[in-house]
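Report on the following structure.
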Amino acid sequence: MNNKTIKNSAKVIGFLLVFAILFSKFYSVLSFKYGNPMRQVYNLPKDSVDVLVVGSSHAYRNFDPQVLYTNYGVTSYVIGTSSQRIWNSYYLAKDALKTQHPKVLVLESYKVFDREDYSDTAISIKALNGMRFSKNYIDHARATLPESEKLIEYCLRFPLFHTRYKDLENADFVKNPADDISLGYAPLYEVKKGKVWTDLDKITERKPFLPKVEKYLDMFRELADENGAQLVFAISPFAVDADKMQPYYNTLQDYADKYNIPLFQGNLHMEELKLDENKDFSTGNHLSAPGVVKYTQMLWDKVLSGYELADHRGDAYYKRWEENKVYREHNEGKDGNIKE
């Protein structure tokens, strides 16, 4: 090989390296920042999560892992995305179970009332964005996207956000210090008057699930069994249209009873939870931070405490939970919200 060929080769290699570095920077800035809880799962120490919670915003807004760690040393983590469907939850849990083997797998089951087989683009992107590319990612995309959507765009990802330069914010350039120690919970401090339901147990009507919902509930059972985890269904308390949703939750109760799966319906325990309609509810049909503490504690008392879950306080292997605890103690509420 002569000197001219070597120089030309070096130029090409140099160009490709510079291009790769620049593309990586552009990709990092332009990419959607959704899905951080799933993204961070891959950074957790192997087999460090004892309770894994998956679901919609009712999961990441209404379940606080720090309650279990502070009080009992139990390590839990939430993988939630806005309007996450049951099939989204399944594939996110399946991918997390590649490195984690929780003793309890909690499916926040608010969305079992879904009547559509597919989500809109925004919900699909949020559900898929945090996952690493793999066969599981492709299967997830196929289950999530209608036939009209282009699978290749979701696999390449860049076509989905390459025009986002118009909407860039400070958060696209500056990393949130809480990201690396987050446990998936995103508290709400804004308070909005809610309704404390006390008569939902009088509703006996049953409404059938969408076939796709029941299919993925079956797949969840199999996934939990294959991984030696106890599957738990949970529905956190909410204020809007709970009476309209209850017939679907009655059907879920029948399903849970059939397969001996614990189901905790927060809306059937409103009085016992002592939720205050003026303090414990927030925007978007979620609980406020004080309401979340009450719900998380009762989920422990009624269900999770029945399993042999170890106290990991003082064990350096589980420092992520201790770091989160310290960060929360120093920062919670100072800016009105701790970002997920």
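Labels for the structure tokens follow display order: chains A, B, ..., residues from 1 in each chain, ligands from 1.
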
Can you pull out every residue within 12 Å of stretch 306-317 of chain A, counting only C-alpha atoms, but drop anything in the same chain fewer than 2 positions away, and send it as a PDB file with N, CA and C atoms, in the first residue's frame?
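As a result, selection13.pdb now contains:
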ATOM      1  N   LEU A  44     -29.330  -0.769  36.289  1.00  0.00           N
ATOM      2  CA  LEU A  44     -29.476  -1.264  37.657  1.00  0.00           C
ATOM      3  C   LEU A  44     -28.599  -2.497  37.879  1.00  0.00           C
ATOM      4  N   PRO A  45     -28.088  -2.684  39.076  1.00  0.00           N
ATOM      5  CA  PRO A  45     -27.354  -3.923  39.359  1.00  0.00           C
ATOM      6  C   PRO A  45     -28.241  -5.129  39.097  1.00  0.00           C
ATOM      7  N   LYS A  46     -27.658  -6.170  38.570  1.00  0.00           N
ATOM      8  CA  LYS A  46     -28.425  -7.365  38.225  1.00  0.00           C
ATOM      9  C   LYS A  46     -29.149  -7.923  39.450  1.00  0.00           C
ATOM     10  N   ASP A  47     -30.406  -8.287  39.243  1.00  0.00           N
ATOM     11  CA  ASP A  47     -31.232  -8.899  40.289  1.00  0.00           C
ATOM     12  C   ASP A  47     -31.292  -8.059  41.561  1.00  0.00           C
ATOM     13  N   SER A  48     -31.420  -6.735  41.390  1.00  0.00           N
ATOM     14  CA  SER A  48     -31.498  -5.855  42.561  1.00  0.00           C
ATOM     15  C   SER A  48     -32.923  -5.408  42.869  1.00  0.00           C
ATOM     16  N   VAL A  49     -33.869  -5.720  41.976  1.00  0.00           N
ATOM     17  CA  VAL A  49     -35.266  -5.287  42.156  1.00  0.00           C
ATOM     18  C   VAL A  49     -36.101  -6.450  42.680  1.00  0.00           C
ATOM     19  N   ASP A  50     -36.717  -6.256  43.826  1.00  0.00           N
ATOM     20  CA  ASP A  50     -37.584  -7.298  44.396  1.00  0.00           C
ATOM     21  C   ASP A  50     -39.037  -7.158  43.959  1.00  0.00           C
ATOM     22  N   VAL A  51     -39.478  -5.917  43.706  1.00  0.00           N
ATOM     23  CA  VAL A  51     -40.854  -5.659  43.267  1.00  0.00           C
ATOM     24  C   VAL A  51     -40.786  -4.782  42.028  1.00  0.00           C
ATOM     25  N   GLN A  66     -39.890   4.549  47.231  1.00  0.00           N
ATOM     26  CA  GLN A  66     -39.146   4.967  48.416  1.00  0.00           C
ATOM     27  C   GLN A  66     -39.898   4.647  49.704  1.00  0.00           C
ATOM     28  N   LEU A  68     -41.458   1.846  50.376  1.00  0.00           N
ATOM     29  CA  LEU A  68     -41.092   0.478  50.751  1.00  0.00           C
ATOM     30  C   LEU A  68     -39.642   0.396  51.213  1.00  0.00           C
ATOM     31  N   TYR A  69     -38.765   1.154  50.556  1.00  0.00           N
ATOM     32  CA  TYR A  69     -37.357   1.082  50.947  1.00  0.00           C
ATOM     33  C   TYR A  69     -37.127   1.739  52.309  1.00  0.00           C
ATOM     34  N   THR A  70     -37.686   2.918  52.497  1.00  0.00           N
ATOM     35  CA  THR A  70     -37.483   3.638  53.759  1.00  0.00           C
ATOM     36  C   THR A  70     -38.050   2.860  54.940  1.00  0.00           C
ATOM     37  N   ASN A  71     -39.226   2.289  54.770  1.00  0.00           N
ATOM     38  CA  ASN A  71     -39.895   1.606  55.884  1.00  0.00           C
ATOM     39  C   ASN A  71     -39.456   0.163  56.078  1.00  0.00           C
ATOM     40  N   TYR A  72     -39.094  -0.519  54.969  1.00  0.00           N
ATOM     41  CA  TYR A  72     -38.837  -1.963  55.071  1.00  0.00           C
ATOM     42  C   TYR A  72     -37.553  -2.425  54.383  1.00  0.00           C
ATOM     43  N   GLY A  73     -36.873  -1.533  53.673  1.00  0.00           N
ATOM     44  CA  GLY A  73     -35.659  -1.915  52.965  1.00  0.00           C
ATOM     45  C   GLY A  73     -35.920  -2.736  51.717  1.00  0.00           C
ATOM     46  N   VAL A  74     -37.161  -2.748  51.257  1.00  0.00           N
ATOM     47  CA  VAL A  74     -37.538  -3.519  50.071  1.00  0.00           C
ATOM     48  C   VAL A  74     -37.296  -2.679  48.816  1.00  0.00           C
ATOM     49  N   THR A  75     -36.644  -3.260  47.834  1.00  0.00           N
ATOM     50  CA  THR A  75     -36.309  -2.534  46.616  1.00  0.00           C
ATOM     51  C   THR A  75     -37.382  -2.753  45.551  1.00  0.00           C
ATOM     52  N   SER A  76     -37.949  -1.664  45.064  1.00  0.00           N
ATOM     53  CA  SER A  76     -38.963  -1.734  44.015  1.00  0.00           C
ATOM     54  C   SER A  76     -38.632  -0.694  42.952  1.00  0.00           C
ATOM     55  N   PRO A 102     -37.439 -10.168  39.775  1.00  0.00           N
ATOM     56  CA  PRO A 102     -38.185  -9.757  40.971  1.00  0.00           C
ATOM     57  C   PRO A 102     -39.013 -10.900  41.536  1.00  0.00           C
ATOM     58  N   LYS A 103     -39.213 -10.837  42.822  1.00  0.00           N
ATOM     59  CA  LYS A 103     -40.075 -11.828  43.463  1.00  0.00           C
ATOM     60  C   LYS A 103     -41.544 -11.530  43.188  1.00  0.00           C
ATOM     61  N   VAL A 104     -41.852 -10.241  42.968  1.00  0.00           N
ATOM     62  CA  VAL A 104     -43.237  -9.826  42.713  1.00  0.00           C
ATOM     63  C   VAL A 104     -43.277  -8.930  41.477  1.00  0.00           C
ATOM     64  N   LEU A 105     -44.189  -9.232  40.565  1.00  0.00           N
ATOM     65  CA  LEU A 105     -44.411  -8.428  39.375  1.00  0.00           C
ATOM     66  C   LEU A 105     -45.804  -7.829  39.486  1.00  0.00           C
ATOM     67  N   ALA A 229     -41.873 -15.327  39.410  1.00  0.00           N
ATOM     68  CA  ALA A 229     -42.388 -14.138  40.089  1.00  0.00           C
ATOM     69  C   ALA A 229     -43.865 -14.296  40.402  1.00  0.00           C
ATOM     70  N   GLN A 230     -44.278 -13.717  41.515  1.00  0.00           N
ATOM     71  CA  GLN A 230     -45.694 -13.675  41.852  1.00  0.00           C
ATOM     72  C   GLN A 230     -46.325 -12.500  41.129  1.00  0.00           C
ATOM     73  N   LEU A 231     -47.333 -12.772  40.305  1.00  0.00           N
ATOM     74  CA  LEU A 231     -48.037 -11.710  39.603  1.00  0.00           C
ATOM     75  C   LEU A 231     -49.104 -11.113  40.508  1.00  0.00           C
ATOM     76  N   VAL A 232     -49.157  -9.793  40.538  1.00  0.00           N
ATOM     77  CA  VAL A 232     -50.155  -9.061  41.333  1.00  0.00           C
ATOM     78  C   VAL A 232     -50.807  -8.021  40.433  1.00  0.00           C
ATOM     79  N   PRO A 262     -53.592 -12.199  43.213  1.00  0.00           N
ATOM     80  CA  PRO A 262     -54.059 -11.102  44.073  1.00  0.00           C
ATOM     81  C   PRO A 262     -54.420  -9.874  43.246  1.00  0.00           C
ATOM     82  N   LEU A 299     -50.952  -0.873  49.833  1.00  0.00           N
ATOM     83  CA  LEU A 299     -50.626  -1.971  48.924  1.00  0.00           C
ATOM     84  C   LEU A 299     -49.631  -2.907  49.589  1.00  0.00           C
ATOM     85  N   TRP A 300     -48.710  -2.339  50.344  1.00  0.00           N
ATOM     86  CA  TRP A 300     -47.776  -3.165  51.106  1.00  0.00           C
ATOM     87  C   TRP A 300     -48.519  -3.954  52.184  1.00  0.00           C
ATOM     88  N   ASP A 301     -49.332  -3.250  52.968  1.00  0.00           N
ATOM     89  CA  ASP A 301     -50.033  -3.892  54.084  1.00  0.00           C
ATOM     90  C   ASP A 301     -50.953  -5.008  53.619  1.00  0.00           C
ATOM     91  N   LYS A 302     -51.677  -4.765  52.525  1.00  0.00           N
ATOM     92  CA  LYS A 302     -52.697  -5.704  52.075  1.00  0.00           C
ATOM     93  C   LYS A 302     -52.151  -6.839  51.207  1.00  0.00           C
ATOM     94  N   VAL A 303     -51.077  -6.580  50.468  1.00  0.00           N
ATOM     95  CA  VAL A 303     -50.610  -7.574  49.498  1.00  0.00           C
ATOM     96  C   VAL A 303     -49.127  -7.880  49.619  1.00  0.00           C
ATOM     97  N   LEU A 304     -48.279  -6.894  49.421  1.00  0.00           N
ATOM     98  CA  LEU A 304     -46.850  -7.132  49.255  1.00  0.00           C
ATOM     99  C   LEU A 304     -46.166  -7.665  50.508  1.00  0.00           C
ATOM    100  N   LYS A 319     -27.278   0.451  46.660  1.00  0.00           N
ATOM    101  CA  LYS A 319     -27.061   1.868  46.965  1.00  0.00           C
ATOM    102  C   LYS A 319     -27.946   2.793  46.144  1.00  0.00           C
ATOM    103  N   ARG A 320     -28.430   2.322  44.986  1.00  0.00           N
ATOM    104  CA  ARG A 320     -29.306   3.166  44.154  1.00  0.00           C
ATOM    105  C   ARG A 320     -30.503   3.653  44.963  1.00  0.00           C
ATOM    106  N   TRP A 321     -31.068   2.790  45.792  1.00  0.00           N
ATOM    107  CA  TRP A 321     -32.238   3.148  46.590  1.00  0.00           C
ATOM    108  C   TRP A 321     -31.845   4.102  47.715  1.00  0.00           C
ATOM    109  N   GLU A 322     -30.671   3.909  48.277  1.00  0.00           N
ATOM    110  CA  GLU A 322     -30.197   4.822  49.322  1.00  0.00           C
ATOM    111  C   GLU A 322     -29.884   6.195  48.727  1.00  0.00           C
ATOM    112  N   GLU A 323     -29.296   6.210  47.533  1.00  0.00           N
ATOM    113  CA  GLU A 323     -28.995   7.480  46.865  1.00  0.00           C
ATOM    114  C   GLU A 323     -30.274   8.224  46.523  1.00  0.00           C
ATOM    115  N   LYS A 325     -33.073   7.981  48.129  1.00  0.00           N
ATOM    116  CA  LYS A 325     -33.613   8.447  49.410  1.00  0.00           C
ATOM    117  C   LYS A 325     -32.960   9.772  49.818  1.00  0.00           C
TER     118      LYS A 325
END

Item checked: Shell around A:Met298 at 10 Å using only C-alpha atoms, local window under 4 positions removed, as a PyMOL selection string -> chain A and resi 264+266+269+272-273+292-294+302-305

Store the residues of this selection in a file with C-alpha atoms, as an mmCIF file, in the first residue's frame.
data_model
loop_
_atom_site.group_PDB
_atom_site.id
_atom_site.type_symbol
_atom_site.label_atom_id
_atom_site.label_comp_id
_atom_site.auth_asym_id
_atom_site.auth_seq_id
_atom_site.Cartn_x
_atom_site.Cartn_y
_atom_site.Cartn_z
ATOM 1 C CA PHE A 264 -55.962 -4.842 45.025
ATOM 2 C CA GLY A 266 -57.745 0.998 45.611
ATOM 3 C CA HIS A 269 -60.703 0.886 49.953
ATOM 4 C CA GLU A 272 -59.845 2.653 54.816
ATOM 5 C CA LEU A 273 -57.179 4.633 52.932
ATOM 6 C CA VAL A 292 -49.435 8.178 46.979
ATOM 7 C CA VAL A 293 -47.814 7.485 50.352
ATOM 8 C CA LYS A 294 -51.155 6.263 51.729
ATOM 9 C CA LYS A 302 -52.697 -5.704 52.075
ATOM 10 C CA VAL A 303 -50.610 -7.574 49.498
ATOM 11 C CA LEU A 304 -46.850 -7.132 49.255
ATOM 12 C CA SER A 305 -46.076 -7.783 52.909
#

Notebook entry, point to check: Which is closest to A:Arg206 among A:Leu188, A:Leu263, A:Leu252, A:Leu223, if we use only C-alpha atoms?
Noted result: A:Leu252

Next item on the list: Give me the residues within 6 Å of A:Ile235 as a PyMOL selection string, counting only C-alpha atoms and dropping any in the same chain fewer than 4 places off.
Entry: chain A and resi 108-110+265-266

Those same residues - C-alpha atoms - I'd like them written as a short mmCIF file (atom, residue, chain, number, x, y, z; two decimals), in the first residue's frame.
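Below you can see part-v9.cif, which holds the result:
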data_model
loop_
_atom_site.label_atom_id
_atom_site.label_comp_id
_atom_site.auth_asym_id
_atom_site.auth_seq_id
_atom_site.Cartn_x
_atom_site.Cartn_y
_atom_site.Cartn_z
CA GLU A 108 -51.04 -1.57 37.37
CA SER A 109 -54.28 -2.57 35.72
CA TYR A 110 -56.10 0.72 35.20
CA GLN A 265 -58.56 -2.29 43.93
CA GLY A 266 -57.75 1.00 45.61
#

Item checked: Minimum-distance residue to A:Ala143, chosen among A:Ile86, A:Ile181, A:Ala122, A:Val112 (using only C-alpha atoms) ->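 Under the stated criterion, the closest residue is A:Ile86.
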
Next item on the list: Rounded to one decimal place, report the atom CA of A:Asp120-atom CA of A:Pro237 distance in Å.
Entry: 25.6 Å

Note to self: Report, in Å with one decimal, the straight-line distance from atom CA of A:Tyr90 to atom CA of A:Tyr154.
What the structure shows: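 Taking atom CA of A:Tyr90 as the start and atom CA of A:Tyr154 as the end point, the length is 18.3 Å.
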
Excluding A:Phe281 and residues on its chain fewer than 3 positions from it, collect all residues at most 7 Å away from it, counting only C-alpha atoms, and give them as a PDB file with C-alpha atoms, in the first residue's frame.
ATOM      1  CA  VAL A 191     -53.539  19.458  44.407  1.00  0.00           C
ATOM      2  CA  LYS A 192     -56.914  19.187  42.731  1.00  0.00           C
ATOM      3  CA  LYS A 193     -60.156  18.296  44.471  1.00  0.00           C
ATOM      4  CA  GLY A 194     -61.128  14.695  43.779  1.00  0.00           C
ATOM      5  CA  GLU A 277     -60.644  14.779  48.647  1.00  0.00           C
ATOM      6  CA  HIS A 286     -53.847  10.887  39.724  1.00  0.00           C
ATOM      7  CA  LEU A 287     -53.013  11.025  43.402  1.00  0.00           C
ATOM      8  CA  SER A 288     -50.977  13.829  44.933  1.00  0.00           C
ATOM      9  CA  GLY A 291     -52.120  10.319  48.630  1.00  0.00           C
TER      10      GLY A 291
END

Next item on the list: Check the smallest atom-to-atom distance from each of A:Phe209, A:Tyr42, A:Trp87, A:Tyr295 to A:His140 using only C-alpha atoms, then report the winner.
Entry: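 Going through A:Phe209, A:Tyr42, A:Trp87, A:Tyr295 one by one, the smallest distance to A:His140 is for A:Trp87.
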
Notebook entry, point to check: What does the distance from atom CA of A:Lys279 to atom CA of A:Thr81 come to in Å, to one decimal?
Noted result: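 We find that atom CA of A:Lys279 and atom CA of A:Thr81 lie 24.6 Å from each other.
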
Next item on the list: Compile the contact shell of A:Leu200 as a list in words: residues with an atom at most 9 Å away, counting only C-alpha atoms, same-chain residues fewer than 3 positions apart removed.
Entry: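 The contact residues come out as Trp197, Ile203, Thr204, Ala242, Asp243, Gln246, Asn267 and Leu268 of chain A.
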
Next item on the list: Looking only at strand (DSSP E or B) from DSSP on the backbone, list the matching residues of stretch 41-241 of chain A as a ChimeraX atom specification.
Entry: /A:51-55,76-80,104-108,230-235

How would the residues just picked look written out with N, CA and C atoms as an mmCIF file, in the first residue's frame?
data_model
loop_
_atom_site.group_PDB
_atom_site.id
_atom_site.type_symbol
_atom_site.label_atom_id
_atom_site.label_comp_id
_atom_site.auth_asym_id
_atom_site.auth_seq_id
_atom_site.Cartn_x
_atom_site.Cartn_y
_atom_site.Cartn_z
ATOM 1 N N VAL A 51 -39.478 -5.917 43.706
ATOM 2 C CA VAL A 51 -40.854 -5.659 43.267
ATOM 3 C C VAL A 51 -40.786 -4.782 42.028
ATOM 4 N N LEU A 52 -41.227 -5.302 40.899
ATOM 5 C CA LEU A 52 -41.240 -4.539 39.653
ATOM 6 C C LEU A 52 -42.676 -4.151 39.325
ATOM 7 N N VAL A 53 -42.911 -2.858 39.127
ATOM 8 C CA VAL A 53 -44.241 -2.330 38.827
ATOM 9 C C VAL A 53 -44.255 -1.801 37.398
ATOM 10 N N VAL A 54 -45.238 -2.220 36.602
ATOM 11 C CA VAL A 54 -45.362 -1.721 35.233
ATOM 12 C C VAL A 54 -46.782 -1.213 35.017
ATOM 13 N N GLY A 55 -46.911 -0.216 34.138
ATOM 14 C CA GLY A 55 -48.241 0.292 33.852
ATOM 15 C C GLY A 55 -48.234 1.704 33.325
ATOM 16 N N SER A 76 -37.949 -1.664 45.064
ATOM 17 C CA SER A 76 -38.963 -1.734 44.015
ATOM 18 C C SER A 76 -38.632 -0.694 42.952
ATOM 19 N N TYR A 77 -39.230 -0.874 41.787
ATOM 20 C CA TYR A 77 -38.937 0.011 40.660
ATOM 21 C C TYR A 77 -40.175 0.075 39.769
ATOM 22 N N VAL A 78 -40.397 1.248 39.158
ATOM 23 C CA VAL A 78 -41.581 1.464 38.330
ATOM 24 C C VAL A 78 -41.181 1.724 36.876
ATOM 25 N N ILE A 79 -41.735 0.942 35.967
ATOM 26 C CA ILE A 79 -41.583 1.215 34.535
ATOM 27 C C ILE A 79 -42.940 1.658 34.018
ATOM 28 N N GLY A 80 -43.142 2.954 33.955
ATOM 29 C CA GLY A 80 -44.430 3.485 33.530
ATOM 30 C C GLY A 80 -44.281 4.447 32.365
ATOM 31 N N VAL A 104 -41.852 -10.241 42.968
ATOM 32 C CA VAL A 104 -43.237 -9.826 42.713
ATOM 33 C C VAL A 104 -43.277 -8.930 41.477
ATOM 34 N N LEU A 105 -44.189 -9.232 40.565
ATOM 35 C CA LEU A 105 -44.411 -8.428 39.375
ATOM 36 C C LEU A 105 -45.804 -7.829 39.486
ATOM 37 N N VAL A 106 -45.864 -6.502 39.606
ATOM 38 C CA VAL A 106 -47.137 -5.804 39.784
ATOM 39 C C VAL A 106 -47.559 -5.158 38.471
ATOM 40 N N LEU A 107 -48.731 -5.544 37.987
ATOM 41 C CA LEU A 107 -49.302 -4.909 36.802
ATOM 42 C C LEU A 107 -50.341 -3.893 37.260
ATOM 43 N N GLU A 108 -50.052 -2.593 37.086
ATOM 44 C CA GLU A 108 -51.038 -1.568 37.366
ATOM 45 C C GLU A 108 -52.090 -1.684 36.271
ATOM 46 N N GLN A 230 -44.278 -13.717 41.515
ATOM 47 C CA GLN A 230 -45.694 -13.675 41.852
ATOM 48 C C GLN A 230 -46.325 -12.500 41.129
ATOM 49 N N LEU A 231 -47.333 -12.772 40.305
ATOM 50 C CA LEU A 231 -48.037 -11.710 39.603
ATOM 51 C C LEU A 231 -49.104 -11.113 40.508
ATOM 52 N N VAL A 232 -49.157 -9.793 40.538
ATOM 53 C CA VAL A 232 -50.155 -9.061 41.333
ATOM 54 C C VAL A 232 -50.807 -8.021 40.433
ATOM 55 N N PHE A 233 -52.125 -7.943 40.480
ATOM 56 C CA PHE A 233 -52.852 -6.863 39.809
ATOM 57 C C PHE A 233 -53.160 -5.782 40.843
ATOM 58 N N ALA A 234 -52.988 -4.539 40.450
ATOM 59 C CA ALA A 234 -53.304 -3.434 41.355
ATOM 60 C C ALA A 234 -53.912 -2.294 40.566
ATOM 61 N N ILE A 235 -54.886 -1.635 41.166
ATOM 62 C CA ILE A 235 -55.519 -0.460 40.563
ATOM 63 C C ILE A 235 -55.501 0.636 41.617
#

Notebook entry, point to check: Near A:Met38, within 8 Å and counting only C-alpha atoms, which residues show up once chain neighbours fewer than 2 positions away are dropped, as an MDAnalysis selection string?
Noted result: chainID A and resid 35:36 40:42 79 92 96 130:131

N, CA and C atoms of the current selection, written as a short mmCIF file (atom, residue, chain, number, x, y, z; two decimals), in the first residue's frame:
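Generated file (out.cif):
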data_model
loop_
_atom_site.label_atom_id
_atom_site.label_comp_id
_atom_site.auth_asym_id
_atom_site.auth_seq_id
_atom_site.Cartn_x
_atom_site.Cartn_y
_atom_site.Cartn_z
N GLY A 35 -39.27 7.64 28.38
CA GLY A 35 -38.80 6.28 28.60
C GLY A 35 -37.59 6.14 29.49
N ASN A 36 -37.26 7.20 30.26
CA ASN A 36 -36.08 7.09 31.10
C ASN A 36 -36.15 5.95 32.11
N GLN A 40 -33.17 3.32 32.32
CA GLN A 40 -32.35 3.16 33.52
C GLN A 40 -32.35 1.73 34.07
N VAL A 41 -33.37 0.95 33.69
CA VAL A 41 -33.40 -0.44 34.15
C VAL A 41 -32.12 -1.17 33.76
N TYR A 42 -31.62 -0.86 32.57
CA TYR A 42 -30.43 -1.55 32.08
C TYR A 42 -29.19 -1.20 32.90
N ILE A 79 -41.74 0.94 35.97
CA ILE A 79 -41.58 1.22 34.54
C ILE A 79 -42.94 1.66 34.02
N LEU A 92 -42.34 -4.40 28.06
CA LEU A 92 -41.40 -3.69 28.92
C LEU A 92 -40.97 -4.58 30.08
N ALA A 96 -37.19 -6.08 30.91
CA ALA A 96 -36.57 -5.86 32.22
C ALA A 96 -36.17 -7.18 32.88
N GLY A 130 -37.76 3.93 25.49
CA GLY A 130 -36.70 3.59 26.44
C GLY A 130 -36.05 2.24 26.22
N MET A 131 -36.62 1.42 25.36
CA MET A 131 -36.13 0.06 25.17
C MET A 131 -34.90 0.02 24.26
#
